[in-house]
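Structure data (TSV, C-alpha atoms) from final-v5.tsv:
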```
chain	number	residue	atom	x	y	z
A	1	MET	CA	0.00	0.00	0.00
A	2	ASN	CA	2.88	2.39	0.66
A	3	ALA	CA	4.22	1.85	-2.86
A	4	PHE	CA	0.77	2.65	-4.29
A	5	ALA	CA	0.44	5.82	-2.17
A	6	SER	CA	3.95	6.92	-3.17
A	7	SER	CA	3.32	6.43	-6.90
A	8	SER	CA	-0.05	8.17	-6.59
A	9	ARG	CA	1.64	11.16	-4.96
A	10	ILE	CA	4.27	11.31	-7.73
A	11	TYR	CA	1.53	11.09	-10.36
A	12	ARG	CA	-0.32	14.03	-8.73
A	13	LEU	CA	2.87	16.12	-8.60
A	14	ILE	CA	3.51	15.48	-12.28
A	15	MET	CA	-0.07	16.45	-13.16
A	16	VAL	CA	0.17	19.67	-11.10
A	17	GLY	CA	3.47	20.51	-12.84
A	18	ILE	CA	1.95	19.99	-16.28
A	19	LEU	CA	-1.10	22.07	-15.37
A	20	LEU	CA	1.04	24.93	-14.06
A	21	SER	CA	3.22	24.92	-17.18
A	22	PHE	CA	0.09	25.20	-19.38
A	23	CYS	CA	-1.12	28.11	-17.25
A	24	PHE	CA	2.18	29.97	-17.66
A	25	ILE	CA	2.28	29.34	-21.41
A	26	SER	CA	-1.33	30.41	-21.96
A	27	CYS	CA	-0.89	33.51	-19.77
A	28	LYS	CA	1.96	34.90	-21.86
A	29	ARG	CA	1.09	38.58	-22.24
A	30	TYR	CA	3.31	39.61	-25.16
A	31	ASP	CA	3.73	37.90	-28.53
A	32	ASP	CA	7.50	37.95	-28.18
A	33	GLY	CA	7.91	37.28	-24.42
A	34	PRO	CA	8.90	37.29	-21.68
A	35	LEU	CA	6.89	34.59	-19.91
A	36	PHE	CA	6.86	36.50	-16.61
A	37	SER	CA	8.80	39.24	-14.84
A	38	PHE	CA	9.44	40.30	-11.26
A	39	ARG	CA	9.04	43.98	-12.24
A	40	SER	CA	5.66	45.43	-13.13
A	41	ALA	CA	4.94	46.29	-16.74
A	42	GLU	CA	4.76	49.98	-15.85
A	43	ALA	CA	8.19	49.88	-14.16
A	44	ARG	CA	9.67	48.25	-17.28
A	45	VAL	CA	8.05	50.81	-19.62
A	46	GLU	CA	9.36	53.80	-17.62
A	47	ASN	CA	12.74	54.47	-19.21
A	48	ASP	CA	14.68	56.58	-21.68
A	49	TRP	CA	14.53	54.48	-24.84
A	50	ALA	CA	16.32	54.74	-28.19
A	51	ALA	CA	15.39	52.83	-31.34
A	52	SER	CA	17.98	50.32	-32.48
A	53	LEU	CA	15.64	49.35	-35.33
A	54	VAL	CA	12.91	51.32	-37.11
A	55	SER	CA	10.73	49.85	-39.85
A	56	ARG	CA	7.80	51.31	-41.74
A	57	ASN	CA	5.39	48.99	-43.54
A	58	GLU	CA	7.81	46.09	-42.97
A	59	ILE	CA	10.72	47.93	-44.65
A	60	GLN	CA	13.72	48.56	-42.42
A	61	GLU	CA	14.44	52.31	-42.31
A	62	THR	CA	16.79	52.61	-39.32
A	63	GLN	CA	19.49	54.22	-41.45
A	64	PHE	CA	17.25	57.26	-42.07
A	65	TYR	CA	17.16	58.26	-38.39
A	66	CYS	CA	20.02	59.83	-36.42
A	67	ARG	CA	17.95	59.92	-33.27
A	68	TYR	CA	14.73	58.15	-32.50
A	69	GLU	CA	14.23	58.44	-28.76
A	70	LEU	CA	11.25	57.97	-26.49
A	71	SER	CA	11.46	58.99	-22.84
A	72	LEU	CA	8.60	57.67	-20.71
A	73	GLY	CA	8.77	59.21	-17.23
A	74	GLU	CA	7.40	58.07	-13.90
A	75	ASP	CA	5.31	61.25	-13.86
A	76	LYS	CA	3.46	59.99	-16.98
A	77	ALA	CA	5.08	62.65	-19.20
A	78	PHE	CA	6.86	61.69	-22.42
A	79	ASP	CA	9.32	63.26	-24.85
A	80	TRP	CA	9.55	61.73	-28.32
A	81	THR	CA	12.53	62.98	-30.34
A	82	VAL	CA	12.95	62.19	-34.04
A	83	LEU	CA	15.91	63.45	-36.07
A	84	THR	CA	16.07	62.35	-39.67
A	85	ALA	CA	19.55	61.48	-40.99
A	86	ASN	CA	21.47	64.12	-42.96
A	87	THR	CA	19.22	67.04	-42.02
A	88	PRO	CA	20.10	70.18	-40.05
A	89	GLU	CA	19.86	69.87	-36.25
A	90	ASP	CA	17.09	72.48	-36.15
A	91	GLN	CA	14.76	70.11	-38.03
A	92	THR	CA	14.55	67.77	-35.08
A	93	GLN	CA	10.93	66.94	-34.25
A	94	ILE	CA	10.06	66.76	-30.57
A	95	PHE	CA	6.64	65.60	-29.47
A	96	GLN	CA	5.54	65.94	-25.86
A	97	GLY	CA	2.56	64.92	-23.79
A	98	THR	CA	1.39	62.26	-21.40
A	99	TRP	CA	1.37	58.49	-21.59
A	100	ASN	CA	-0.74	55.70	-20.11
A	101	LEU	CA	-0.31	51.96	-20.02
A	102	ILE	CA	-3.50	50.21	-21.14
A	103	ASP	CA	-4.06	46.61	-20.03
A	104	LYS	CA	-0.27	46.17	-19.82
A	105	GLN	CA	-0.28	45.63	-23.60
A	106	GLN	CA	-0.51	49.11	-25.10
A	107	ILE	CA	1.01	52.51	-24.51
A	108	ARG	CA	-1.16	55.51	-25.34
A	109	LEU	CA	0.76	58.70	-26.09
A	110	GLU	CA	-1.49	61.75	-25.75
A	111	PHE	CA	-0.15	64.99	-27.17
A	112	THR	CA	-0.56	68.21	-25.25
A	113	SER	CA	1.26	70.38	-27.79
A	114	GLU	CA	-0.13	71.36	-31.18
A	115	GLU	CA	2.76	69.65	-32.96
A	116	THR	CA	1.79	66.02	-33.52
A	117	PRO	CA	3.06	63.35	-35.95
A	118	THR	CA	0.26	64.29	-38.36
A	119	PRO	CA	-2.20	67.22	-38.22
A	120	ASP	CA	-5.15	65.05	-37.19
A	121	THR	CA	-3.30	62.98	-34.56
A	122	GLU	CA	-4.06	63.63	-30.90
A	123	ASN	CA	-2.71	60.32	-29.66
A	124	VAL	CA	-0.74	57.31	-30.77
A	125	LEU	CA	-1.52	53.82	-29.54
A	126	MET	CA	1.57	51.58	-29.40
A	127	GLU	CA	1.02	47.83	-29.16
A	128	ILE	CA	3.73	46.20	-27.04
A	129	THR	CA	5.02	42.94	-28.53
A	130	ARG	CA	7.98	42.53	-26.16
A	131	LEU	CA	8.66	44.16	-22.82
A	132	LYS	CA	11.76	43.46	-20.80
A	133	GLU	CA	13.76	45.72	-18.55
A	134	LYS	CA	16.23	46.51	-21.37
A	135	ASP	CA	14.25	45.55	-24.46
A	136	MET	CA	10.89	46.86	-25.68
A	137	ARG	CA	9.29	46.31	-29.09
A	138	VAL	CA	6.22	48.19	-30.26
A	139	ASN	CA	3.97	48.52	-33.33
A	140	PHE	CA	1.84	51.56	-34.12
A	141	LEU	CA	0.04	53.33	-36.95
A	142	ILE	CA	0.64	56.91	-38.10
A	143	ASN	CA	-1.10	58.24	-41.19
A	144	GLY	CA	-1.82	54.72	-42.48
A	145	ASP	CA	1.78	53.56	-42.10
A	146	ARG	CA	2.59	50.71	-39.68
A	147	PHE	CA	5.75	51.36	-37.71
A	148	PHE	CA	7.80	48.86	-35.72
A	149	LEU	CA	10.40	49.98	-33.19
A	150	HIS	CA	12.94	47.87	-31.35
A	151	LEU	CA	13.80	50.03	-28.35
A	152	GLU	CA	16.74	49.68	-25.99
A	153	PRO	CA	17.80	51.90	-23.08
A	154	LEU	CA	19.31	55.16	-24.30
A	155	GLY	CA	23.10	54.90	-24.46
A	156	SER	CA	23.17	51.10	-24.62
A	157	PHE	CA	24.26	51.03	-28.27
A	158	THR	CA	25.90	53.37	-30.79
A	159	THR	CA	23.40	55.37	-32.82
A	160	ASP	CA	24.71	58.78	-33.86
A	161	SER	CA	28.19	57.71	-34.95
A	162	THR	CA	26.93	55.13	-37.43
A	163	ARG	CA	23.78	56.75	-38.81
A	164	CYS	CA	24.35	60.49	-38.71
A	165	ALA	CA	27.40	61.19	-40.82
A	166	GLN	CA	26.74	64.45	-42.63
```

Please render this file's structure as structure tokens.
Amino acid sequence: MNAFASSSRIYRLIMVGILLSFCFISCKRYDDGPLFSFRSAEARVENDWAASLVSRNEIQETQFYCRYELSLGEDKAFDWTVLTANTPEDQTQIFQGTWNLIDKQQIRLEFTSEETPTPDTENVLMEITRLKEKDMRVNFLINGDRFFLHLEPLGSFTTDSTRCAQ
């Protein structure tokens, strides 16, 4: 009887393990991971980010940007800086406003200034596909174009020296 009780206990432990693994896999929040994190989604989003990759309509366009930075502050304010390659410094576009995290899967950027990415844009909704402490990937639409950004903490890779030779 002890052997039967012992094997029954092992069987139950295996079943609980399998069940828990299915729960973790099915609860994956982002298409591209991670499975879980000890930091909240909001704490991971709050950072000074720079784009290591920019694509528009599935065409890689990183080389056209000297600076593509997105600072998301704890105070819910953001600064979005875009400098196109080989243009004068004074043509830098800076967008400012507030941001919110929606269902831990989207970032809404709401513009408080009159300058927006397009004249009819008051907000941009970024879908998060990956969110780690040092790696965030987002998709969003502006003026019918689908953008994809691979963001890393500002200063974690070389941007200006390779893309901004004038």

TODO: Go ahead and find all residues with at least one atom no further than 8 Å from (18.3, 54.4, -38.7) in the file's coordinates, using all atoms listed in the file; report them as a list in words.
DONE: Ser52, Leu53, Val54, Glu61, Thr62, Gln63, Phe64, Tyr65, Cys66, Arg67, Ala85, Thr159 and Arg163 of chain A

Task: Length of the CA of Glu74 (chain A) to CA of Ala51 (chain A) vector [Å] - done: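 Going from CA of Glu74 (chain A) over to CA of Ala51 (chain A) covers 19.9 Å.
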
Open item on the list: Counting only C-alpha atoms, which residue out of A:Tyr11, A:Phe147, A:Phe38, A:Tyr68 sits closest to Lys132 (chain A)?
Closed with: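 When distances to Lys132 (chain A) are compared using only C-alpha atoms, the smallest one comes from A:Phe38.
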
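Going from CA of Ala50 (chain A) over to CA of Leu141 (chain A), you cover 18.5 Å.
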
List as a short mmCIF file (atom, residue, chain, number, x, y, z; two decimals) with C-alpha atoms, in the coordinates of the input the residues having at least one atom at most 8 Å from position (3.9, 50.6, -19.2) as given in the file, counting all atoms listed in the file.
```
data_model
loop_
_atom_site.label_atom_id
_atom_site.label_comp_id
_atom_site.auth_asym_id
_atom_site.auth_seq_id
_atom_site.Cartn_x
_atom_site.Cartn_y
_atom_site.Cartn_z
CA ALA A 41 4.94 46.29 -16.74
CA GLU A 42 4.76 49.98 -15.85
CA ALA A 43 8.19 49.88 -14.16
CA ARG A 44 9.67 48.25 -17.28
CA VAL A 45 8.05 50.81 -19.62
CA GLU A 46 9.36 53.80 -17.62
CA ASN A 100 -0.74 55.70 -20.11
CA LEU A 101 -0.31 51.96 -20.02
CA ILE A 102 -3.50 50.21 -21.14
CA LYS A 104 -0.27 46.17 -19.82
CA GLN A 105 -0.28 45.63 -23.60
CA GLN A 106 -0.51 49.11 -25.10
CA ILE A 107 1.01 52.51 -24.51
#
```

Task: Counting only C-alpha atoms, the residue of A:Phe148, A:Thr129, A:Gln91, A:Trp80 that sits nearest Thr116 (chain A) - done: A:Trp80

- [ ] Find the residue from A:Ile59, A:Ile94, A:Ile14, A:Val82 that sits nearest to Asp145 (chain A); use all atoms listed in the file when measuring.
- [x]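 Using all atoms listed in the file, the shortest distance to Asp145 (chain A) belongs to A:Ile59.
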
- [ ] Could you jot down the CA of Ile128 (chain A) to CA of Glu114 (chain A) separation for me, Å, one decimal place?
- [x] 25.8 Å

Open item on the list: I'd like to know which of A:Gln60, A:Thr84, A:Asn143, A:Thr98 is closest to Thr118 (chain A), using all atoms listed in the file.
Closed with: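 Once distances to Thr118 (chain A) are computed over all atoms listed in the file, the minimum belongs to A:Asn143.
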
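Across A:Gln93, A:Asn139, A:Asn57, A:Ser40, the tightest approach to Leu151 (chain A) is made by A:Asn139 when counting all atoms listed in the file.
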
Task: Pick from A:Leu13, A:Glu69, A:Met126, A:Arg39 nearest to Thr92 (chain A), counting only C-alpha atoms - done: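 When distances to Thr92 (chain A) are compared using only C-alpha atoms, the smallest one comes from A:Glu69.
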